[in-house]
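What follows is run-v5.cif (mmCIF, C-alpha atoms).
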data_data
loop_
_atom_site.label_atom_id
_atom_site.label_comp_id
_atom_site.auth_asym_id
_atom_site.auth_seq_id
_atom_site.Cartn_x
_atom_site.Cartn_y
_atom_site.Cartn_z
CA MET A 602 8.87 -7.19 12.83
CA ALA A 603 5.22 -7.95 12.20
CA ARG A 604 4.13 -8.84 8.71
CA ARG A 605 2.25 -6.13 6.92
CA THR A 606 0.58 -8.44 4.41
CA GLY A 607 -0.76 -10.95 6.92
CA PHE A 608 -4.36 -11.36 8.01
CA TYR A 609 -5.09 -10.16 11.51
CA LEU A 610 -8.15 -9.77 13.69
CA ASP A 611 -8.82 -6.08 14.15
CA LYS A 612 -9.77 -6.13 17.82
CA ARG A 613 -9.69 -2.35 18.25
CA ASN A 614 -12.29 -1.70 15.55
CA GLY A 615 -14.17 -4.96 15.92
CA LYS A 616 -17.60 -5.53 17.41
CA LEU A 617 -17.39 -9.13 18.60
CA MET A 618 -14.09 -10.80 17.76
CA GLY A 619 -12.84 -8.40 15.12
CA VAL A 620 -13.15 -10.84 12.22
CA CYS A 621 -15.24 -8.56 9.97
CA ALA A 622 -13.10 -5.55 10.86
CA GLY A 623 -10.04 -7.67 10.10
CA ILE A 624 -11.40 -8.66 6.69
CA ALA A 625 -12.25 -5.02 5.98
CA ASP A 626 -8.77 -3.95 7.06
CA TYR A 627 -7.17 -6.68 4.97
CA THR A 628 -9.10 -6.04 1.76
CA GLY A 629 -9.92 -2.35 2.01
CA PHE A 630 -13.69 -2.85 1.77
CA ASP A 631 -15.86 -0.83 4.11
CA VAL A 632 -16.37 -2.71 7.37
CA LEU A 633 -20.12 -2.05 7.27
CA TRP A 634 -20.50 -3.89 3.95
CA VAL A 635 -18.48 -6.85 5.22
CA ARG A 636 -20.74 -7.14 8.25
CA VAL A 637 -23.90 -6.77 6.15
CA GLY A 638 -22.56 -9.42 3.77
CA VAL A 639 -21.88 -11.89 6.57
CA VAL A 640 -25.31 -11.31 8.12
CA LEU A 641 -27.09 -11.71 4.77
CA ALA A 642 -25.11 -14.85 3.98
CA THR A 643 -26.13 -16.26 7.34
CA LEU A 644 -29.81 -15.38 6.88
CA PHE A 645 -30.18 -16.61 3.33
CA GLY A 646 -27.70 -19.46 3.40
CA SER A 647 -26.70 -22.11 5.84
CA GLY A 648 -25.06 -21.55 9.20
CA ALA A 649 -21.64 -21.86 7.58
CA PRO A 650 -20.67 -18.15 7.89
CA VAL A 651 -21.25 -18.29 11.66
CA ILE A 652 -19.03 -21.35 12.02
CA ALA A 653 -16.44 -19.77 9.72
CA TYR A 654 -16.59 -16.59 11.79
CA PHE A 655 -15.78 -18.36 15.03
CA VAL A 656 -13.13 -20.56 13.44
CA ILE A 657 -11.37 -17.50 11.99
CA GLY A 658 -11.78 -15.65 15.28
CA TRP A 659 -10.23 -18.54 17.12
CA VAL A 660 -7.41 -19.35 14.68
CA ALA A 661 -6.23 -15.94 13.48
CA ASP A 662 -3.91 -13.72 15.51
CA ALA A 663 -4.87 -10.30 16.76
CA LYS A 664 -3.22 -7.37 15.04
CA PRO A 665 -0.02 -6.39 16.90
CA GLY A 666 0.16 -2.95 18.49
CA SER A 667 3.23 -2.05 16.45
CA VAL A 668 1.23 -2.30 13.22
CA TYR A 669 -1.44 0.00 14.67
CA ASP A 670 1.31 2.49 15.57
CA LEU A 671 2.76 2.40 12.07
CA GLU A 672 -0.67 2.94 10.52
CA GLU A 673 -1.37 5.79 12.86
CA ALA A 674 1.93 7.43 11.95
CA VAL A 675 1.36 7.26 8.17
CA PRO A 676 -2.34 6.78 7.30
CA GLU A 677 -1.69 6.36 3.56
CA ASP A 678 0.43 3.29 4.36
CA ARG A 679 -2.71 1.38 5.20
CA GLN A 680 -4.07 1.83 1.68
CA PHE A 681 -0.67 1.02 0.24
CA TRP A 682 -0.58 -2.33 2.04
CA GLN A 683 -4.17 -3.10 1.13
CA LYS A 684 -3.21 -2.66 -2.51
CA THR A 685 -0.07 -4.72 -1.98
CA ARG A 686 -2.08 -7.61 -0.57
CA ALA A 687 -4.34 -7.60 -3.60
CA ALA A 688 -1.57 -7.21 -6.19
CA PRO A 689 2.05 -6.97 -5.00
CA GLY A 690 3.34 -6.46 -8.52
CA ARG A 691 1.26 -3.37 -9.04
CA SER A 692 2.43 -1.65 -5.88
CA ILE A 693 6.04 -2.50 -6.68
CA ARG A 694 5.54 -0.78 -10.03
CA GLU A 695 3.97 2.16 -8.24
CA VAL A 696 7.02 2.56 -6.04
CA ARG A 697 9.20 2.39 -9.14
CA SER A 698 7.13 5.06 -10.85
CA SER A 699 7.43 7.33 -7.82
CA PHE A 700 11.22 6.88 -7.94
CA ARG A 701 11.14 7.77 -11.63
CA ASP A 702 9.09 10.84 -10.85
CA ILE A 703 11.65 11.94 -8.27
CA ASP A 704 14.43 11.29 -10.77
CA ARG A 705 12.70 13.40 -13.40
CA ARG A 706 12.18 16.31 -11.02
CA LEU A 707 15.77 16.11 -9.86
CA ARG A 708 16.94 16.12 -13.46
CA ASP A 709 14.88 19.23 -14.16
CA ILE A 710 16.51 21.00 -11.23
CA GLU A 711 19.93 19.86 -12.33
CA LEU A 712 19.27 21.12 -15.84
CA THR A 713 18.18 24.53 -14.65
CA TYR A 714 21.31 24.90 -12.52
CA THR A 715 23.79 23.61 -15.07
CA SER A 716 22.30 25.23 -18.14
CA PRO A 717 24.36 28.04 -19.74
CA ASN A 718 21.43 30.44 -19.40
CA HIS A 719 21.37 30.05 -15.67
CA ARG A 720 25.12 30.60 -15.35
CA LEU A 721 24.96 33.65 -17.59
CA ALA A 722 22.09 35.11 -15.59
CA ARG A 723 24.00 34.59 -12.37
CA GLU A 724 27.13 36.24 -13.73
CA ILE A 725 25.09 39.23 -14.86
CA ASP A 726 23.58 39.44 -11.40
CA ASP A 727 27.05 39.35 -9.85
CA LEU A 728 28.27 42.11 -12.16
CA ARG A 729 25.28 44.27 -11.27
CA GLN A 730 26.03 43.93 -7.59
CA GLN A 731 29.58 45.06 -8.13
CA MET B 516 -29.91 -51.13 -16.44
CA GLY B 517 -27.64 -50.62 -19.39
CA PRO B 518 -23.92 -50.03 -19.20
CA LEU B 519 -24.40 -46.33 -19.96
CA GLU B 520 -26.66 -45.83 -16.97
CA ALA B 521 -24.09 -47.49 -14.69
CA LEU B 522 -21.55 -44.92 -15.87
CA ILE B 523 -23.61 -41.98 -14.68
CA PRO B 524 -23.17 -42.49 -10.89
CA LEU B 525 -19.53 -43.42 -11.43
CA SER B 526 -18.82 -40.23 -13.35
CA ALA B 527 -20.76 -38.20 -10.79
CA VAL B 528 -18.72 -39.67 -7.93
CA LEU B 529 -15.51 -39.04 -9.85
CA ALA B 530 -16.49 -35.49 -10.64
CA ILE B 531 -17.40 -34.68 -7.04
CA PHE B 532 -14.60 -36.45 -5.19
CA VAL B 533 -11.74 -36.07 -7.65
CA GLY B 534 -12.60 -33.26 -10.04
CA MET B 535 -13.79 -30.72 -7.51
CA PRO B 536 -10.87 -30.97 -5.05
CA TRP B 537 -8.49 -30.99 -8.00
CA LEU B 538 -9.97 -27.82 -9.41
CA PHE B 539 -10.05 -26.22 -5.99
CA LEU B 540 -6.46 -27.07 -5.08
CA HIS B 541 -5.27 -26.10 -8.53
CA TYR B 542 -6.67 -22.59 -8.20
CA VAL B 543 -5.57 -22.28 -4.56
CA THR B 544 -1.95 -23.02 -5.50
CA LYS B 545 -2.13 -20.66 -8.46
CA TRP B 546 -3.58 -17.93 -6.28
CA LYS B 547 -0.89 -18.43 -3.66
CA GLN B 548 1.87 -18.31 -6.24
CA ALA B 549 0.50 -15.15 -7.75
CA LYS B 550 -0.20 -13.27 -4.57
CA THR B 551 2.38 -13.93 -1.93
CA ILE B 552 5.65 -12.16 -1.51
CA THR B 553 8.29 -13.35 0.92
CA LEU B 554 8.97 -11.62 4.21
CA GLU B 555 12.27 -10.22 2.92
CA ASP B 556 10.59 -8.79 -0.17
CA GLU B 557 7.91 -7.32 2.00
CA ASN B 558 10.42 -5.56 4.24
CA LEU B 559 12.29 -4.38 1.16
CA LEU B 560 9.11 -2.99 -0.34
CA ASP B 561 8.27 -1.30 2.96
CA ASP B 562 11.70 0.34 3.00
CA LEU B 563 11.51 1.43 -0.63
CA HIS B 564 8.06 2.87 -0.17
CA ASP B 565 9.24 4.79 2.87
CA ILE B 566 12.35 6.09 1.10
CA ALA B 567 10.28 7.14 -1.91
CA ARG B 568 7.94 9.07 0.30
CA ARG B 569 10.76 10.84 2.11
CA LEU B 570 12.53 11.69 -1.14
CA ASP B 571 9.28 13.05 -2.46
CA ASP B 572 8.98 15.31 0.59
CA ARG B 573 12.56 16.51 0.16
CA MET B 574 12.01 17.17 -3.53
CA ASN B 575 8.97 19.24 -2.65
CA SER B 576 10.91 21.39 -0.22
CA ILE B 577 13.82 21.80 -2.66
CA GLU B 578 11.47 22.79 -5.45
CA ARG B 579 9.89 25.28 -3.12
CA ILE B 580 13.25 26.76 -2.15
CA ILE B 581 14.24 27.12 -5.80
CA ALA B 582 10.94 28.72 -6.68
CA ALA B 583 11.36 31.18 -3.82
CA GLU B 584 14.91 31.94 -4.93
CA ARG B 585 13.68 32.83 -8.38
CA GLY B 586 10.89 34.91 -6.95
CA GLU B 587 8.20 32.71 -8.41
CA GLN B 588 4.92 31.94 -6.77
CA PRO B 589 4.77 28.35 -5.54
CA ARG B 590 2.48 26.19 -7.61
CA ILE B 591 -0.88 25.02 -6.28
CA ALA B 592 0.25 21.40 -6.14
CA GLU B 593 3.25 22.36 -4.01
CA LEU B 594 1.08 24.34 -1.67
CA ARG B 595 -1.20 21.37 -1.26
CA SER B 596 1.67 19.02 -0.48
CA ASP B 597 2.92 21.61 1.99
CA LEU B 598 -0.32 21.39 3.84
CA ASN B 599 -0.01 17.61 3.95
CA ASN B 600 3.53 17.88 5.22
CA ILE B 601 2.54 20.22 8.01
CA GLU B 602 -0.03 17.70 9.15
CA LEU B 603 2.30 14.72 8.84
CA ARG B 604 5.57 16.16 10.09
CA PRO B 605 5.41 15.32 13.83
CA GLN B 606 4.03 11.87 13.10
CA LEU B 607 6.72 11.20 10.51
CA GLN B 608 9.38 11.99 13.05
CA ARG B 609 7.74 9.59 15.43
CA ARG B 610 7.92 6.89 12.83
CA ASP B 611 11.59 7.60 12.12
CA ARG B 612 12.32 7.04 15.76
CA ALA B 613 10.29 3.84 15.83
CA ILE B 614 12.47 2.44 13.06
#
Write-out of the structure in structure tokens:
Amino acid sequence: MARRTGFYLDKRNGKLMGVCAGIADYTGFDVLWVRVGVVLATLFGSGAPVIAYFVIGWVADAKPGSVYDLEEAVPEDRQFWQKTRAAPGRSIREVRSSFRDIDRRLRDIELTYTSPNHRLAREIDDLRQQ
Amino acid sequence: MGPLEALIPLSAVLAIFVGMPWLFLHYVTKWKQAKTITLEDENLLDDLHDIARRLDDRMNSIERIIAAERGEQPRIAELRSDLNNIELRPQLQRRDRAI
């Protein structure tokens, strides 16, 4: 199974080697701003971003097709993993809070079905039908 | 050239060749410790996230059924999640099969 928190080149959305698209996909920034940032850094700085671009493009792996399929199946997963890459602890707490939310809703349902009022109302309904 | 002036290049060399890499490596290791989770934890988190989402869907449908049983109007939030479910349903099934 492919890692969901790894850095990959995003060849499908990339222009040249998919490095900027990969960075955008990894961090969650808009791909346009990543590209503009790289171009500006190249213009106003040294040639280092260009070298870094090709080194990353050569070293990093392309994103596996299975990860694309998973993202296509559940689009919100992409954001979830972007948040996980930035702060794993926070997304673990988010998952916990969603479990707590489910627990609370389930408890509410349980309460309504086990409460004396509900049973009484049902018995009255039954009597009416007879 | 006094002894103090001889110290200046020495301290500069030390700062650049020892201090800088030290600082850099120190923060790199800290960053790595803080940010990485192991592959097992990642798979576990993926599973938990998936289960939470499915449970959430099921809770929505159960709440809807109960509301209908009582003759109540479904709440706006439930209606909205219904719409999402309708859009996601075939894709979700596809993902279930992929797993």
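What the PyMOL selection byres ((chain A) within 7 of (chain B)) picks from this file is Leu671, Ala674, Ala688, Pro689, Val696, Ser699, Phe700 and Ile703 of chain A.
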Compile the contact shell of range 659-666 of chain A as a ChimeraX atom specification: residues with an atom at most 7 Å away, counting all atoms listed in the file, same-chain residues fewer than 2 positions apart removed.
/A:609-612,655-657,668-670
Please, what is the axis-aligned box for every listed atom of range 542-557 of chain B with 3 Å on each side, as centre and edge lengths in Å to one decimal, as AutoDock Vina command-line options?
--center_x 2.8 --center_y -15.2 --center_z -2.1 --size_x 24.9 --size_y 21.7 --size_z 18.7
So what does the PyMOL selection byres ((chain A and resi 633) around 12) actually pick up in this one, as number ranges by chain?
A: 614-616, 621-626, 629-632, 634-640
All residues 8 Å or closer to Tyr627 in chain A, only C-alpha atoms, same chain fewer than 4 positions away omitted, as a compact mmCIF listing (two decimals) with C-alpha atoms, in the coordinates of the input:
# COMPACT_ATOMS: atom_id res chain seq x y z
CA THR A 606 0.58 -8.44 4.41
CA GLY A 607 -0.76 -10.95 6.92
CA PHE A 608 -4.36 -11.36 8.01
CA TYR A 609 -5.09 -10.16 11.51
CA GLY A 623 -10.04 -7.67 10.10
CA GLN A 683 -4.17 -3.10 1.13
CA ARG A 686 -2.08 -7.61 -0.57
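Applied to the file shown here, the PyMOL selection byres ((chain A and resi 710) around 12) selects the residues Ile703, Asp704, Arg705, Arg706, Leu707, Arg708, Asp709, Glu711, Leu712, Thr713, Tyr714, Thr715, Ser716 and His719 of chain A; Met574, Asn575, Ile577, Glu578, Arg579, Ile580, Ile581 and Ala582 of chain B.
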Report the distance between CA of Arg697 in chain A and CA of Leu559 in chain B in Å, rounded to one decimal place.
12.7 Å
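Rounded to one decimal, CA of Val543 in chain B and CA of Phe681 in chain A lie 24.3 Å from each other.
Put simply, CA of Gln680 in chain A is 13.8 Å away from CA of Ile693 in chain A.
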